[in-house]
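**Q** Sharing a structure with you now.
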Amino acid sequence: MARETHTARLASKTLISESAQCYHFDFVLDELKSFPFISGQFISAVATDSNGKQQTRAYSIASAANTNHFELCVNRVPQGFFSNHLADLTELPPGGTIQVHGPHGHFVLKQPVTDSIFISTGTGIAPMRGFAQWLFPETGPDAGIDRSEGKEIWMVYGTRHESELYYRAEFEALAERKPNFHYLPTLSRADDTWKGLRGYVQDHVARIVEERAARLGLTLPVPPPDPNILPSELKFDIHAYICGLNNMVAGVREKLASYGWHRKQIIFERYD
């Protein structure tokens, strides 16, 4: 059965990192009154290339559900048809369009919300931004609601250079307003002016886990848990959400496994 597709019109486009050629897109589905999705899901975009061949690419949604809009975070990739197709869309009336279907995917927040670590690199920040907007909505009818229920939320975000910290101002402002939201950007190729964290995301995830274990009086690695037990029944009740390139995802999963982490507490999405 054919998938139902919709026309998505570009409402706005912003270059958020010139060095990485990363764009933020806001699309609107004019034919729909609402476009419901769960933060963390993705859409599949469809377009026809210069050879008349239909191309499809999946993109994580970089926002929480908001009427009939959805947002994307995309790097322009040399020789990449779809990223260049998107980056070249115009906002001028009537506005460039793409065809989309979805939402798809199961990379979503577990309920009820627990203390959580959001771990990402590059455009893997997109679904994490959606998580943050759902937990701490600032616009729409739910503005001001705090769905975190006071749980500790760490956002560990890694990239090479300071100029590639996408949505930095948003997350810094959120951390200022919400004491239980911790924004931890880390750079792998920082210059001498950078005063923040350095190295790879798994290094700083390790510090969070070790400090958490110390507060609970646990010795790492914890004994292998019963695979049938619910994560909410564990004393070490914390989830890790990982999104990025496969090598990073594999490295973080390996690090967490070395601590005896419950497999159901690790939720991940890998990018090619």
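Naming scheme: A, B, ... for chains in displayed order of the structure tokens; residues 1 onward per chain; ligands 1 onward as shown.
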Segment 27-87 of chain A: which residues are strand (DSSP E) by DSSP, as a count of residues only?

**A** 23

**Q** Env of Asp88 of chain A: 10 Å cut, atoms = only C-alpha atoms, seq-sep filter 6 positions within chain, self excluded. Answer as a ChimeraX atom specification.

**A** /A:13,76,82,96

**Q** With C-alpha atoms kept, could you save the residues just selected as a PDB file, in the first residue's frame?

**A**
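Ended up saving to again.pdb:
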ATOM      1  CA  LYS A  13      15.547  28.780   6.462  1.00  0.00           C
ATOM      2  CA  ARG A  76      24.873  20.683   3.310  1.00  0.00           C
ATOM      3  CA  PHE A  82      19.089  15.914  -0.841  1.00  0.00           C
ATOM      4  CA  GLY A  96       9.920  25.931  -2.049  1.00  0.00           C
TER       5      GLY A  96
END

**Q** May I have a table of the residues of segment 84-109 of chain A lying at most 10 Å from segment 241-261 of chain A, giving each one's closest pair of atoms and their distance in Å to one decimal, counting only C-alpha atoms, ordered by chain and ascending residue number, as a Markdown table?

**A**
| residue | atom | partner | partner_atom | distance |
| --- | --- | --- | --- | --- |
| A:Phe107 | CA | A:Tyr241 | CA | 8.2 |
| A:Val108 | CA | A:Tyr241 | CA | 8.7 |
| A:Leu109 | CA | A:Tyr241 | CA | 8.2 |

**Q** Could you list, as a VMD selection string, every residue within 7 Å of Phe27 of chain A, counting only C-alpha atoms and ignoring same-chain residues fewer than 4 positions away?

**A** chain A and resid 8 to 11 69 to 71

**Q** So, counting only C-alpha atoms, which residue among A:Arg177, A:Ala126, A:Glu170, A:Thr67 is closest to Gly140 of chain A?

**A**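 Smallest separation from Gly140 of chain A among the options: A:Thr67.
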
**Q** As a PyMOL selection string, which residues of segment 132-253 of chain A does DSSP assign to helix (DSSP H, G or I)?

**A** chain A and resi 132-135+162-164+168-177+201-216+231-233+246-253

**Q** Kindly save the residues from that selection, with N, CA and C atoms included, as a compact mmCIF listing (two decimals), in the first residue's frame.

**A**
# COMPACT_ATOMS: atom_id res chain seq x y z
N ALA A 132 13.90 18.30 24.30
CA ALA A 132 13.95 19.45 25.20
C ALA A 132 12.71 20.33 25.04
N GLN A 133 12.26 20.52 23.81
CA GLN A 133 11.06 21.34 23.59
C GLN A 133 9.82 20.68 24.17
N TRP A 134 9.76 19.36 24.13
CA TRP A 134 8.60 18.68 24.71
C TRP A 134 8.65 18.74 26.23
N LEU A 135 9.82 18.56 26.81
CA LEU A 135 9.94 18.59 28.27
C LEU A 135 9.69 19.98 28.83
N GLU A 162 33.87 25.19 18.03
CA GLU A 162 32.86 25.99 18.72
C GLU A 162 31.80 26.51 17.76
N SER A 163 32.19 26.80 16.54
CA SER A 163 31.25 27.34 15.55
C SER A 163 30.22 26.31 15.11
N GLU A 164 30.40 25.05 15.53
CA GLU A 164 29.50 23.97 15.12
C GLU A 164 28.60 23.50 16.25
N ARG A 168 23.18 26.43 20.32
CA ARG A 168 23.87 26.69 21.59
C ARG A 168 23.13 27.70 22.46
N ALA A 169 22.74 28.83 21.87
CA ALA A 169 22.09 29.88 22.66
C ALA A 169 20.79 29.37 23.28
N GLU A 170 20.03 28.57 22.54
CA GLU A 170 18.78 28.00 23.07
C GLU A 170 19.04 27.15 24.31
N PHE A 171 20.01 26.27 24.20
CA PHE A 171 20.27 25.34 25.31
C PHE A 171 20.90 26.04 26.51
N GLU A 172 21.74 27.03 26.25
CA GLU A 172 22.32 27.79 27.36
C GLU A 172 21.23 28.55 28.10
N ALA A 173 20.28 29.13 27.35
CA ALA A 173 19.18 29.86 27.98
C ALA A 173 18.29 28.91 28.77
N LEU A 174 18.04 27.72 28.24
CA LEU A 174 17.22 26.74 28.95
C LEU A 174 17.90 26.31 30.24
N ALA A 175 19.20 26.10 30.19
CA ALA A 175 19.94 25.71 31.39
C ALA A 175 19.90 26.81 32.45
N GLU A 176 19.85 28.05 32.01
CA GLU A 176 19.74 29.17 32.96
C GLU A 176 18.39 29.16 33.66
N ARG A 177 17.34 28.81 32.93
CA ARG A 177 15.98 28.85 33.49
C ARG A 177 15.65 27.60 34.29
N VAL A 201 32.27 12.71 23.65
CA VAL A 201 31.08 12.65 24.51
C VAL A 201 31.15 11.51 25.51
N GLN A 202 31.71 10.36 25.11
CA GLN A 202 31.73 9.22 26.04
C GLN A 202 32.56 9.50 27.29
N ASP A 203 33.57 10.40 27.16
CA ASP A 203 34.36 10.75 28.34
C ASP A 203 33.50 11.45 29.39
N HIS A 204 32.62 12.32 28.95
CA HIS A 204 31.82 13.10 29.88
C HIS A 204 30.57 12.35 30.34
N VAL A 205 30.09 11.43 29.51
CA VAL A 205 29.03 10.53 29.96
C VAL A 205 29.56 9.69 31.11
N ALA A 206 30.80 9.22 31.00
CA ALA A 206 31.41 8.42 32.06
C ALA A 206 31.43 9.19 33.38
N ARG A 207 31.76 10.47 33.32
CA ARG A 207 31.81 11.27 34.55
C ARG A 207 30.43 11.38 35.19
N ILE A 208 29.40 11.59 34.38
CA ILE A 208 28.03 11.68 34.91
C ILE A 208 27.64 10.37 35.60
N VAL A 209 27.92 9.26 34.93
CA VAL A 209 27.55 7.95 35.47
C VAL A 209 28.30 7.68 36.77
N GLU A 210 29.58 7.99 36.80
CA GLU A 210 30.38 7.72 37.99
C GLU A 210 29.94 8.58 39.17
N GLU A 211 29.62 9.86 38.91
CA GLU A 211 29.14 10.72 39.98
C GLU A 211 27.78 10.26 40.48
N ARG A 212 26.94 9.83 39.56
CA ARG A 212 25.62 9.32 39.93
C ARG A 212 25.75 8.08 40.81
N ALA A 213 26.62 7.16 40.41
CA ALA A 213 26.83 5.94 41.19
C ALA A 213 27.35 6.26 42.59
N ALA A 214 28.25 7.23 42.67
CA ALA A 214 28.80 7.60 43.98
C ALA A 214 27.71 8.14 44.90
N ARG A 215 26.79 8.94 44.35
CA ARG A 215 25.70 9.48 45.17
C ARG A 215 24.79 8.37 45.69
N LEU A 216 24.64 7.32 44.89
CA LEU A 216 23.77 6.21 45.28
C LEU A 216 24.51 5.16 46.10
N PRO A 231 13.47 -1.20 33.87
CA PRO A 231 14.44 -0.21 34.29
C PRO A 231 13.96 0.63 35.47
N SER A 232 12.65 0.90 35.55
CA SER A 232 12.12 1.70 36.65
C SER A 232 12.25 1.01 38.00
N GLU A 233 12.49 -0.30 37.98
CA GLU A 233 12.64 -1.04 39.22
C GLU A 233 14.09 -1.09 39.69
N ASN A 246 27.48 6.18 13.54
CA ASN A 246 27.53 4.84 14.11
C ASN A 246 28.71 4.64 15.07
N ASN A 247 29.89 5.17 14.73
CA ASN A 247 31.05 4.97 15.60
C ASN A 247 30.85 5.56 16.98
N MET A 248 30.26 6.76 17.03
CA MET A 248 30.00 7.38 18.32
C MET A 248 28.97 6.59 19.10
N VAL A 249 27.89 6.20 18.44
CA VAL A 249 26.84 5.44 19.12
C VAL A 249 27.41 4.15 19.69
N ALA A 250 28.21 3.45 18.89
CA ALA A 250 28.81 2.20 19.35
C ALA A 250 29.74 2.43 20.53
N GLY A 251 30.52 3.53 20.49
CA GLY A 251 31.44 3.82 21.57
C GLY A 251 30.73 4.11 22.88
N VAL A 252 29.64 4.88 22.82
CA VAL A 252 28.89 5.19 24.04
C VAL A 252 28.20 3.95 24.58
N ARG A 253 27.62 3.16 23.70
CA ARG A 253 26.96 1.93 24.16
C ARG A 253 27.97 0.99 24.83

**Q** Choose the residue, out of A:Ile145, A:Glu138, A:Ile119, A:Arg160, that has the smallest atom-to-atom separation from Tyr183 of chain A; count only C-alpha atoms.

**A**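 The closest residue to Tyr183 of chain A is A:Ile119.
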
**Q** Which is closest to Phe42 of chain A among A:Arg3, A:Gly105, A:Phe25, A:Gly130, if we use only C-alpha atoms?

**A**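 Looking at the shortest contact to Phe42 of chain A, the residue is A:Gly105.
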